[in-house]
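What follows is one structure encoded as structure tokens, with my remarks underneath.
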2 protein chains.
Amino acid sequence: VPDRITVQEADLPQGTVEIVTIGDELLLGHTIDTNAAFLSRELGQLGFRVIRRCTVPDAEAEIANAVHAALERAQVVICTGGLGPTQDDVTRAAVASLFGVQLDVNAELLAQLEARYRLRGIPMPARNVTQAQVPRGALVLPNPRGTAPGLVLVRGDQRHCVLLPGVPHELRGLTREQLIPYLVGLAEKTAQAAHPIRYRVLRTTGIAESAVAEKVDHLLTKLLPLTVAFLPGFAGTDLRLTCWGDLPELEADRSLDSAANQVRQVLSDHIYGEGDDELAAVVGGLLRARGQRVTIAESCTGGLLGKLLSDAPGASDYFEGGVIAYSNSLKHSQLGVATATLQQHGAVSEAAVREMAQGARLLAGSAAAIAITGIAGPTGATPDKPLGTVWIAACLNEQTQTRRIVFPGDREEIRERAAQAGLALLWRLLRLRADAAPTTETRIPR
Amino acid sequence: VPDRITVQEADLPQGTVEIVTIGDELLLGHTIDTNAAFLSRELGQLGFRVIRRCTVPDAEAEIANAVHAALERAQVVICTGGLGPTQDDVTRAAVASLFGVQLDVNAELLAQLEARYRLRGIPMPARNVTQAQVPRGALVLPNPRGTAPGLVLVRGDQRHCVLLPGVPHELRGLTREQLIPYLVGLAEKTAQAAHPIRYRVLRTTGIAESAVAEKVDHLLTKLLPLTVAFLPGFAGTDLRLTCWGDLPELEADRSLDSAANQVRQVLSDHIYGEGDDELAAVVGGLLRARGQRVTIAESCTGGLLGKLLSDAPGASDYFEGGVIAYSNSLKHSQLGVATATLQQHGAVSEAAVREMAQGARLLAGSAAAIAITGIAGPTGATPDKPLGTVWIAACLNEQTQTRRIVFPGDREEIRERAAQAGLALLWRLLRLRADAAPTTETRIPR
């Protein structure tokens with residue numbers, strides 16, 4: 001463990017954060033780290049900038065080294081994980097040793113732990129006692145959702161080290177209820193100079209990354225000091241405008257407003273939302289505003305479209321449900337797809353998807369419907385229906401639009417893109433109130 | 001950019017890897033990094049051990065510093081991201097500068113790029129030319145799925161730096177087709193001393209992390225040098241047994257077999273699979289073996305259960321589909337849930353879930369059915385039906401079992417846990433061929 005280094009307070013890199021995520025499961029690839037992204041988003045809103053993050057194994061020396069190096073660069077170091085009750089949870093010990101302090105059993109925490117188990121009628125496992133241990137001098141952040149509290153240690157040079165449990169919903173609760181108020185207080189106390197980082201994300205669908213970039217190219221120098229980034233994903237290409245703390249908050253917001261408007265002018269047909277907006281929730285919002293509901297029929301996506309439509313709280317305002325017609329038998333019996341259609345054109349065909357959508361709409365008499373049928377693979381492709389061929393249909397009142405798309409990627413990607421395309425088709429109908437457009441084939445370019 | 005440092009070849013940390021993921025979107029929390037976990041899993045299988053990973057912004061100096069530091073510790077450094085066609089993609093330039101070499105346009109790559117666009121009838125955007133640039137002396141790993149190839153640079157001291165595009169399906173394809181054969185050759189050439197890391201994951205459902213740990217506690221010292229880790233998640237608690245390269249491959253496998261058997265003896269009721277096994281696929285496999293099929297009825301999970309059941313290729317062997325009965329109207333009209341049931345007991349009740357499951361089973365005459373109805377929140381809770389209350393039912397032939405569970409967590413967690421519990425209920429019926437068990441209430445302890 002390295003020695004502590006004395007740093008002048010004047011050198012304090014105010015408003016900077018590093019995240020150290022701890023766990024062999026992360027380095028072995030057994031678990032995907034979602035906590036770091038959550039923390040980054042929340043902290044960015046406060047004007048704290050995550051300048052780096054790293055992942056280390058469940059090993060005291062590695063944890064101590066990584067935290068030490070991070071504390072040399074950032075004002076605040078946030079560690080996640082390794083606070084559980086099992087023998088591979090060594091974060092407390094590593095950080096106590098780095099700070100040169102002892103671990104004490106905190107009587108209040110121990111009593112809370114015991115009460116927690118008593119309430120549930122379960123005896124407290126002996127090993128949970130470690131979760132009542134606190135590095136001497138550390139601040140305890142109560143965690144009503146779990147057995148490991150958060151902990152804050154402060155070095156003499158005002159560098160902060162925060163320990164949070166790795167269980168995602170506990171970490172999220174602790175961050176919102178305890179960490180954020182603490183950091184707000186810290187920023188006020190140290191008269192933090194940096195302005196918040198402000199960014200705005202415009203979300204597009206149905207257009208490739210390089211096409212987005214070309215359309216926006218002429219704006220790039222004009223928008224400085226705002227930067228523009230292009231972020232392709234299954235849901236479409238996101239476009240992020242960022243003001244990196246160069247401007248005061250209000251001025252930054254005005255610049256971002258103006259930039260967003262300029263981008264919207266060149267990409268208006270494709271932008272369905274901003275920030276965390278999900279296309280499913282945007283479609284839901286349009287339906288809610290019109291007092292209409294949607295019913296769905298899914299084949300290759302197997303329930304994914306319904307899952308997306310019901311992700312948002314309050315989805316019952318606009319989402320009726322529908323049929324997962326994975327088998328042809330359910331396509332016929334529940335949605336009324338004609339046997340002749342299935343025999344002559346196959347289940348992946350314009351005729352089938354049209355009958356699926358119309359059948360779905362009739363299930364509950366809803367105004368809108370979406371249907372999806374396709375070949376997600378890895379098997380099932382034919383020369384005229386290659387892997388990734390998907391037919392989608394959307395109905396709004398008496399109007400039905402269909403579309404054939406051949407998606408790249410593997411089974412998961414094809415399914416994700418197909419569900420998104422189904423939502424996009426209804427979104428266009430809802431937004432444009434367009435007359436029936438001709439069926440077109442699109443191939444997503446790379 | 002730091003100077004190069006000469007290291008003796010004898011010091012080469014053979015078999016170690018660091019991963020550097022690059023992108024402002026990762027540090028801002030806009031995107032969750034799934035590539036690092038994928039790479040870790042694939043490389044672990046080859047005996048390469050990921051000792052650390054870090055994430056840096058789209059900034060040349062930061063990238064160069066991180067890659068330099070990683071090259072001092074590890075034999076192989078893998079960078080992901082920043083190879084796209086837009087102005088924020090600076091990985092090529094950063095690494096070329098670190099290695100002190102120029103970027104040249106590679107004529108063959110340029111021709112391939114142009115051909116790729118010609119085939120699609122789209123003119124190549126001018127900015128894509130940057131994707132044909134190669135640091136002088138680098139090996140090109142062809143990428144048939146996208147426009148950015150992988151690149152490998154080798155330092156004089158045999159440290160390797162690999163650049164891969166950040167688009168997940170491109171990265172996965174390049175890794176399997178190009179990177180792995182390259183690293184296998186490298187391991188052979190350098191007569192790598194370390195044995196592969198071998199690990200085995202046992203997946204449990206319906207039991208809390210601390211209960212798993214208590215049951216296994218007496219084995220921990222007995223199993224050394226194998227280590228045991230406990231990994232709680234929405235799908236249940238995974239238990240990972242790891243042999244960290246101390247033993248030759250065959251011996252490691254024998255030790256792991258023996259350890260897994262000992263663990264199975266104390267946790268047999270809860271272990272549904274190993275490794276990447278998903279409970280939905282395990283249930284599917286049991287159904288396939290019996291020549292049976294499952295039909296589902298989902299309310300609060302809105303399609304998630306169907307999505308899980310259809311994630312695996314070949315799911316049509318056992319998955320019929322079903323009804324997303326998000327509204328009460330569809331519960332009645334499509335599944336035959338009695339209006340009286342909904343009025344007297346409500347949609348979240350044992351009577352409703354039982355009728356949903358039985359209605360689902362009748363839709364296509366399948367042997368098995370699963371139904372889920374619950375309060376995923378944030379609204380809809382009542383004093384006797386708190387947030388997270390979920391009723392699940394599973395049918396197998398004439399047998400129906402129901403269960404009430406109150407899940408902790410937010411909407412997403414409740415939905416994920418509910419879908420998993422629905423699968424677990426059918427799994428027990430399929431596995432144990434048990435007689436109808438009494439309805440029980442379970443509360444997942446933390």
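Every chain in the structure tokens has a letter given in the order shown (A, B, ...), and although residue numbers restart at 1 in each chain, ligands are simply numbered from 1 in the order shown.
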For this session: Fewer than 5 positions away in the same chain doesn't count, so skip those; otherwise give me all residues within 8 Å of His160 of chain A, counting only C-alpha atoms, as a list in words.
Result: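 Listing them by chain and then by number gives Leu71, Gln75, Val76, Val77, Val152, Leu153, Val154 and Arg155 of chain A.
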Keeping only C-alpha atoms, write those residues as a PDB file, in the first residue's frame.
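The resulting result-v4.pdb:
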ATOM      1  CA  LEU A  71      -7.354   9.936  -5.265  1.00  0.00           C
ATOM      2  CA  GLN A  75     -11.547  15.171  -5.858  1.00  0.00           C
ATOM      3  CA  VAL A  76     -13.947  12.300  -5.269  1.00  0.00           C
ATOM      4  CA  VAL A  77     -13.378   8.590  -5.777  1.00  0.00           C
ATOM      5  CA  VAL A 152     -17.362   8.151   3.166  1.00  0.00           C
ATOM      6  CA  LEU A 153     -13.704   8.673   4.124  1.00  0.00           C
ATOM      7  CA  VAL A 154     -11.997  12.057   3.778  1.00  0.00           C
ATOM      8  CA  ARG A 155      -8.244  12.428   3.428  1.00  0.00           C
TER       9      ARG A 155
END
Problem set entry | segment 21-181 of chain B: residues DSSP assigns to strand (DSSP E), reported as a PyMOL selection string | chain B and resi 21-22+49-56+76-80+103-105+133-135+139-141+150-154+160-164
Problem set entry | Residues near Ala338 of chain A, cut-off 9 Å, only C-alpha atoms, skip fewer than 5 positions along chain, as number ranges by chain | A: 331-332, 343, 352, 355
For this session: Find the residues near segment 175-191 of chain A: any atom within 8 Å, counting only C-alpha atoms, skip ones fewer than 5 places away on the same chain, and give them as a ChimeraX atom specification.
Result: /A:14-15,39,43,46,141-142
For this session: Would you kindly return, as a count of residues only, each protein, DNA or RNA residue with an atom no farther than 12 Å from any atom of His218 of chain B, considering only C-alpha atoms and excluding same-chain residues fewer than 3 positions away?
Result: 12
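We find atom CA of Pro135 of chain B and atom CA of Gln45 of chain B to be spaced 29.6 Å apart.
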For this session: Enumerate the residues of segment 135-332 of chain A with a DSSP assignment of alpha helix (DSSP H), computed from the backbone, and present them as an MDAnalysis selection string.
Result: chainID A and resid 168:174 180:189 209:216 249:267 279:290 304:309 328:332
Exercise. Can you tell me, as number ranges by chain, what residues are no more than 7 Å from Asn106 of chain B when counting only C-alpha atoms, ignoring any on the same chain fewer than 5 positions away?
Worked result: B: 132-134
Write a file of the just-selected residues containing all heavy atoms, as a PDB file, in the first residue's frame.
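Generated output (result.pdb):
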ATOM      1  N   ALA B 132      -9.872   3.978 -43.436  1.00  0.00           N
ATOM      2  CA  ALA B 132      -8.874   3.203 -44.184  1.00  0.00           C
ATOM      3  C   ALA B 132      -7.463   3.531 -43.708  1.00  0.00           C
ATOM      4  O   ALA B 132      -6.489   3.023 -44.242  1.00  0.00           O
ATOM      5  CB  ALA B 132      -9.014   3.475 -45.678  1.00  0.00           C
ATOM      6  N   GLN B 133      -7.334   4.400 -42.706  1.00  0.00           N
ATOM      7  CA  GLN B 133      -6.005   4.759 -42.189  1.00  0.00           C
ATOM      8  C   GLN B 133      -5.492   3.691 -41.232  1.00  0.00           C
ATOM      9  O   GLN B 133      -6.234   3.197 -40.381  1.00  0.00           O
ATOM     10  CB  GLN B 133      -6.066   6.097 -41.466  1.00  0.00           C
ATOM     11  CG  GLN B 133      -6.243   7.271 -42.420  1.00  0.00           C
ATOM     12  CD  GLN B 133      -6.274   8.591 -41.682  1.00  0.00           C
ATOM     13  OE1 GLN B 133      -6.489   8.641 -40.468  1.00  0.00           O
ATOM     14  NE2 GLN B 133      -6.056   9.674 -42.426  1.00  0.00           N
ATOM     15  N   VAL B 134      -4.206   3.377 -41.384  1.00  0.00           N
ATOM     16  CA  VAL B 134      -3.582   2.324 -40.581  1.00  0.00           C
ATOM     17  C   VAL B 134      -2.261   2.846 -40.026  1.00  0.00           C
ATOM     18  O   VAL B 134      -1.456   3.393 -40.784  1.00  0.00           O
ATOM     19  CB  VAL B 134      -3.324   1.075 -41.460  1.00  0.00           C
ATOM     20  CG1 VAL B 134      -2.511   0.031 -40.701  1.00  0.00           C
ATOM     21  CG2 VAL B 134      -4.639   0.489 -41.935  1.00  0.00           C
TER      22      VAL B 134
END
